[in-house]
Amino acid sequence: CSEKRIKKINIKINDDTYQIKDEIKKCVEFRQANLLKDSYPEHCHLILCRNVLIYFTEEAKLEIYKKFNDSLVSGGVLFVGSTEQISNYKDINYSSPRSFFYKKN
């Protein structure tokens, strides 16, 4: 990450500590949900789901990955854990620019 980008979203506390700006924090939403039953938010730019889907069946994972895709804006990113790679990501409208990152087409 460039220094310019870091300064855009962070406040420097000391030489190796930064704090995310309040205006950025206001854009983040944390929630507890049942991934199979609950509704998903809309217009997400980033979804972080690490080390959760390893506990689901392959059929359930596919359903959840599709729901995540529906929640993302075009170009939005899904970030998963190292053991949760999506083998058929192209079939469900993702590209994979880097390991563990899936971008909505």
# chains A, B, ... in the order shown; residues from 1 in each chain; ligands from 1
>>> select_by_dssp(residues="chain A", states="helix (DSSP H, G or I)", output="VMD selection string")
chain A and resid 3 to 9 22 to 25 53 to 55 58 to 71 89 to 92
>>> residues_around(residues="range 37-39 of chain A", least_positions_apart="3", cutoff="10 Å", atoms="only C-alpha atoms", output="compact mmCIF listing (two decimals) with all heavy atoms, in the first residue's frame")
# COMPACT_ATOMS: atom_id res chain seq x y z
N GLN A 32 -23.79 -10.26 13.25
CA GLN A 32 -23.87 -11.71 13.42
C GLN A 32 -25.05 -12.17 12.58
O GLN A 32 -26.11 -11.55 12.60
CB GLN A 32 -24.09 -12.03 14.89
CG GLN A 32 -24.14 -13.50 15.19
CD GLN A 32 -24.25 -13.77 16.68
OE1 GLN A 32 -23.91 -12.94 17.50
NE2 GLN A 32 -24.75 -14.93 17.01
N ALA A 33 -24.86 -13.26 11.85
CA ALA A 33 -25.94 -13.72 10.97
C ALA A 33 -25.83 -15.22 10.75
O ALA A 33 -24.76 -15.82 10.87
CB ALA A 33 -25.86 -13.00 9.63
N ASN A 34 -26.96 -15.80 10.40
CA ASN A 34 -27.00 -17.19 9.96
C ASN A 34 -26.83 -17.14 8.45
O ASN A 34 -27.71 -16.65 7.73
CB ASN A 34 -28.33 -17.83 10.34
CG ASN A 34 -28.43 -19.27 9.91
OD1 ASN A 34 -28.00 -19.65 8.82
ND2 ASN A 34 -29.02 -20.08 10.77
N GLU A 42 -26.89 -5.32 0.93
CA GLU A 42 -26.72 -4.98 -0.48
C GLU A 42 -25.61 -3.94 -0.63
O GLU A 42 -25.28 -3.24 0.31
CB GLU A 42 -28.02 -4.42 -1.06
CG GLU A 42 -29.15 -5.43 -1.04
CD GLU A 42 -30.45 -4.84 -1.57
OE1 GLU A 42 -30.53 -3.60 -1.74
OE2 GLU A 42 -31.37 -5.62 -1.81
N LYS A 67 -24.69 -15.95 -2.72
CA LYS A 67 -25.32 -14.86 -1.97
C LYS A 67 -24.33 -13.72 -1.72
O LYS A 67 -24.70 -12.54 -1.80
CB LYS A 67 -25.88 -15.37 -0.64
CG LYS A 67 -27.11 -16.23 -0.81
CD LYS A 67 -27.63 -16.70 0.54
CE LYS A 67 -28.87 -17.54 0.41
NZ LYS A 67 -29.41 -17.94 1.71
N SER A 71 -24.55 -9.78 -3.05
CA SER A 71 -24.40 -8.65 -2.13
C SER A 71 -23.36 -7.64 -2.58
O SER A 71 -23.41 -6.48 -2.18
CB SER A 71 -24.00 -9.16 -0.74
OG SER A 71 -25.04 -9.87 -0.14
>>> select_by_dssp(residues="chain A", states="strand (DSSP E)", output="PyMOL selection string")
chain A and resi 10-14+17-20+44-49+72-80+94-98+101-104
>>> write_last_selection(atoms="N, CA, C and O atoms", output="short mmCIF file (atom, residue, chain, number, x, y, z; two decimals), in the first residue's frame")
data_model
loop_
_atom_site.label_atom_id
_atom_site.label_comp_id
_atom_site.auth_asym_id
_atom_site.auth_seq_id
_atom_site.Cartn_x
_atom_site.Cartn_y
_atom_site.Cartn_z
N ASN A 10 -6.16 6.72 7.23
CA ASN A 10 -5.64 6.55 8.58
C ASN A 10 -5.11 7.84 9.16
O ASN A 10 -4.73 8.75 8.44
N ILE A 11 -5.02 7.86 10.49
CA ILE A 11 -4.35 8.92 11.22
C ILE A 11 -3.10 8.29 11.84
O ILE A 11 -3.19 7.24 12.47
N LYS A 12 -1.96 8.90 11.64
CA LYS A 12 -0.72 8.36 12.19
C LYS A 12 -0.64 8.69 13.68
O LYS A 12 -0.74 9.84 14.07
N ILE A 13 -0.48 7.64 14.48
CA ILE A 13 -0.37 7.80 15.93
C ILE A 13 1.10 7.95 16.33
O ILE A 13 1.47 8.83 17.10
N ASN A 14 1.96 7.07 15.82
CA ASN A 14 3.41 7.17 16.00
C ASN A 14 4.07 6.48 14.82
O ASN A 14 3.41 6.18 13.83
N THR A 17 2.30 2.99 14.19
CA THR A 17 0.90 2.79 14.58
C THR A 17 0.01 3.80 13.86
O THR A 17 0.30 4.99 13.83
N TYR A 18 -1.05 3.27 13.28
CA TYR A 18 -2.04 4.10 12.61
C TYR A 18 -3.42 3.79 13.18
O TYR A 18 -3.66 2.69 13.67
N GLN A 19 -4.32 4.76 13.09
CA GLN A 19 -5.71 4.56 13.50
C GLN A 19 -6.59 4.90 12.31
O GLN A 19 -6.39 5.94 11.66
N ILE A 20 -7.55 4.06 12.03
CA ILE A 20 -8.47 4.31 10.92
C ILE A 20 -9.33 5.52 11.25
O ILE A 20 -9.84 5.66 12.37
N CYS A 44 -22.32 -4.06 -1.09
CA CYS A 44 -21.06 -4.20 -0.34
C CYS A 44 -19.87 -4.06 -1.29
O CYS A 44 -19.92 -4.53 -2.42
N HIS A 45 -18.84 -3.43 -0.82
CA HIS A 45 -17.60 -3.30 -1.58
C HIS A 45 -16.59 -4.37 -1.17
O HIS A 45 -15.71 -4.72 -1.94
N LEU A 46 -16.72 -4.85 0.07
CA LEU A 46 -15.80 -5.85 0.59
C LEU A 46 -16.53 -6.74 1.58
O LEU A 46 -17.25 -6.24 2.45
N ILE A 47 -16.37 -8.04 1.42
CA ILE A 47 -16.88 -9.01 2.39
C ILE A 47 -15.69 -9.85 2.85
O ILE A 47 -14.97 -10.42 2.04
N LEU A 48 -15.49 -9.88 4.17
CA LEU A 48 -14.44 -10.70 4.77
C LEU A 48 -15.10 -11.89 5.43
O LEU A 48 -15.92 -11.72 6.34
N CYS A 49 -14.79 -13.06 4.98
CA CYS A 49 -15.36 -14.28 5.56
C CYS A 49 -14.26 -15.32 5.63
O CYS A 49 -14.04 -16.09 4.70
N LEU A 72 -22.40 -8.09 -3.37
CA LEU A 72 -21.31 -7.20 -3.77
C LEU A 72 -21.69 -6.29 -4.94
O LEU A 72 -22.44 -6.69 -5.82
N VAL A 73 -21.14 -5.10 -4.93
CA VAL A 73 -21.24 -4.22 -6.09
C VAL A 73 -20.34 -4.79 -7.17
O VAL A 73 -19.45 -5.60 -6.89
N SER A 74 -20.52 -4.37 -8.39
CA SER A 74 -19.64 -4.80 -9.47
C SER A 74 -18.22 -4.37 -9.12
O SER A 74 -17.97 -3.22 -8.78
N GLY A 75 -17.29 -5.30 -9.17
CA GLY A 75 -15.91 -5.02 -8.79
C GLY A 75 -15.64 -5.20 -7.31
O GLY A 75 -14.50 -5.06 -6.86
N GLY A 76 -16.69 -5.50 -6.51
CA GLY A 76 -16.52 -5.74 -5.08
C GLY A 76 -15.70 -7.00 -4.83
O GLY A 76 -15.60 -7.87 -5.70
N VAL A 77 -15.14 -7.11 -3.64
CA VAL A 77 -14.20 -8.20 -3.33
C VAL A 77 -14.69 -9.04 -2.16
O VAL A 77 -15.13 -8.51 -1.14
N LEU A 78 -14.57 -10.36 -2.34
CA LEU A 78 -14.78 -11.33 -1.28
C LEU A 78 -13.41 -11.85 -0.87
O LEU A 78 -12.64 -12.30 -1.72
N PHE A 79 -13.09 -11.79 0.41
CA PHE A 79 -11.81 -12.27 0.93
C PHE A 79 -12.10 -13.45 1.84
O PHE A 79 -12.87 -13.32 2.79
N VAL A 80 -11.51 -14.61 1.53
CA VAL A 80 -11.76 -15.83 2.30
C VAL A 80 -10.46 -16.35 2.90
O VAL A 80 -9.37 -15.90 2.56
N TYR A 94 -17.14 -14.74 -10.42
CA TYR A 94 -15.98 -14.15 -9.76
C TYR A 94 -14.76 -14.28 -10.67
O TYR A 94 -14.66 -15.21 -11.46
N SER A 95 -13.82 -13.36 -10.50
CA SER A 95 -12.47 -13.56 -11.00
C SER A 95 -11.59 -13.62 -9.75
O SER A 95 -12.03 -13.26 -8.66
N SER A 96 -10.37 -14.08 -9.89
CA SER A 96 -9.50 -14.22 -8.73
C SER A 96 -8.15 -13.57 -9.02
O SER A 96 -7.22 -14.23 -9.48
N PRO A 97 -8.03 -12.26 -8.74
CA PRO A 97 -6.78 -11.56 -9.04
C PRO A 97 -5.61 -11.99 -8.16
O PRO A 97 -4.46 -11.86 -8.55
N ARG A 98 -5.90 -12.52 -6.96
CA ARG A 98 -4.87 -12.98 -6.02
C ARG A 98 -5.45 -14.12 -5.20
O ARG A 98 -6.67 -14.24 -5.07
N PHE A 101 -8.64 -13.87 -2.74
CA PHE A 101 -9.43 -12.70 -3.12
C PHE A 101 -10.27 -13.06 -4.35
O PHE A 101 -9.73 -13.52 -5.35
N TYR A 102 -11.55 -12.78 -4.28
CA TYR A 102 -12.45 -13.04 -5.41
C TYR A 102 -13.19 -11.76 -5.70
O TYR A 102 -13.82 -11.17 -4.83
N LYS A 103 -13.10 -11.34 -6.95
CA LYS A 103 -13.69 -10.07 -7.37
C LYS A 103 -14.93 -10.36 -8.18
O LYS A 103 -14.92 -11.19 -9.09
N LYS A 104 -16.02 -9.65 -7.86
CA LYS A 104 -17.26 -9.82 -8.62
C LYS A 104 -17.08 -9.22 -10.01
O LYS A 104 -16.62 -8.09 -10.15
#
>>> residues_around(residues="Glu58 in chain A", least_positions_apart="5", cutoff="12 Å", atoms="only C-alpha atoms", output="PyMOL selection string")
chain A and resi 53+63-65+84-88
>>> decode(residues="range 31-50 of chain A", atoms="N, CA, C and O atoms", output="tab-separated table (two decimals), in the first residue's frame")
chain	number	residue	atom	x	y	z
A	31	ARG	N	-21.86	-7.65	11.79
A	31	ARG	CA	-23.12	-8.25	12.21
A	31	ARG	C	-22.98	-9.75	12.36
A	31	ARG	O	-22.17	-10.37	11.70
A	32	GLN	N	-23.79	-10.26	13.25
A	32	GLN	CA	-23.87	-11.71	13.42
A	32	GLN	C	-25.05	-12.17	12.58
A	32	GLN	O	-26.11	-11.55	12.60
A	33	ALA	N	-24.86	-13.26	11.85
A	33	ALA	CA	-25.94	-13.72	10.97
A	33	ALA	C	-25.83	-15.22	10.75
A	33	ALA	O	-24.76	-15.82	10.87
A	34	ASN	N	-26.96	-15.80	10.40
A	34	ASN	CA	-27.00	-17.19	9.96
A	34	ASN	C	-26.83	-17.14	8.45
A	34	ASN	O	-27.71	-16.65	7.73
A	35	LEU	N	-25.71	-17.61	7.94
A	35	LEU	CA	-25.38	-17.48	6.52
A	35	LEU	C	-26.33	-18.24	5.61
A	35	LEU	O	-26.40	-17.94	4.42
A	36	LEU	N	-27.03	-19.22	6.14
A	36	LEU	CA	-27.96	-19.99	5.30
A	36	LEU	C	-29.38	-19.45	5.36
A	36	LEU	O	-30.15	-19.63	4.42
A	37	LYS	N	-29.76	-18.77	6.44
A	37	LYS	CA	-31.16	-18.37	6.61
A	37	LYS	C	-31.41	-16.86	6.53
A	37	LYS	O	-32.45	-16.45	6.06
A	38	ASP	N	-30.47	-16.07	7.00
A	38	ASP	CA	-30.69	-14.62	7.08
A	38	ASP	C	-30.48	-13.94	5.73
A	38	ASP	O	-29.80	-14.46	4.85
A	39	SER	N	-31.07	-12.74	5.60
A	39	SER	CA	-30.86	-11.96	4.38
A	39	SER	C	-29.46	-11.34	4.42
A	39	SER	O	-28.87	-11.19	5.48
A	40	TYR	N	-28.98	-11.00	3.26
A	40	TYR	CA	-27.64	-10.42	3.12
A	40	TYR	C	-27.76	-8.93	2.82
A	40	TYR	O	-28.72	-8.50	2.18
A	41	PRO	N	-26.78	-8.13	3.23
A	41	PRO	CA	-26.81	-6.70	2.90
A	41	PRO	C	-26.58	-6.50	1.40
A	41	PRO	O	-26.15	-7.41	0.69
A	42	GLU	N	-26.89	-5.32	0.93
A	42	GLU	CA	-26.72	-4.98	-0.48
A	42	GLU	C	-25.61	-3.94	-0.63
A	42	GLU	O	-25.28	-3.24	0.31
A	43	HIS	N	-25.07	-3.86	-1.83
A	43	HIS	CA	-24.10	-2.82	-2.21
A	43	HIS	C	-22.81	-2.86	-1.40
A	43	HIS	O	-22.24	-1.83	-1.05
A	44	CYS	N	-22.32	-4.06	-1.09
A	44	CYS	CA	-21.06	-4.20	-0.34
A	44	CYS	C	-19.87	-4.06	-1.29
A	44	CYS	O	-19.92	-4.53	-2.42
A	45	HIS	N	-18.84	-3.43	-0.82
A	45	HIS	CA	-17.60	-3.30	-1.58
A	45	HIS	C	-16.59	-4.37	-1.17
A	45	HIS	O	-15.71	-4.72	-1.94
A	46	LEU	N	-16.72	-4.85	0.07
A	46	LEU	CA	-15.80	-5.85	0.59
A	46	LEU	C	-16.53	-6.74	1.58
A	46	LEU	O	-17.25	-6.24	2.45
A	47	ILE	N	-16.37	-8.04	1.42
A	47	ILE	CA	-16.88	-9.01	2.39
A	47	ILE	C	-15.69	-9.85	2.85
A	47	ILE	O	-14.97	-10.42	2.04
A	48	LEU	N	-15.49	-9.88	4.17
A	48	LEU	CA	-14.44	-10.70	4.77
A	48	LEU	C	-15.10	-11.89	5.43
A	48	LEU	O	-15.92	-11.72	6.34
A	49	CYS	N	-14.79	-13.06	4.98
A	49	CYS	CA	-15.36	-14.28	5.56
A	49	CYS	C	-14.26	-15.32	5.63
A	49	CYS	O	-14.04	-16.09	4.70
A	50	ARG	N	-13.56	-15.32	6.74
A	50	ARG	CA	-12.39	-16.19	6.89
A	50	ARG	C	-12.64	-17.27	7.93
A	50	ARG	O	-13.13	-16.99	9.01
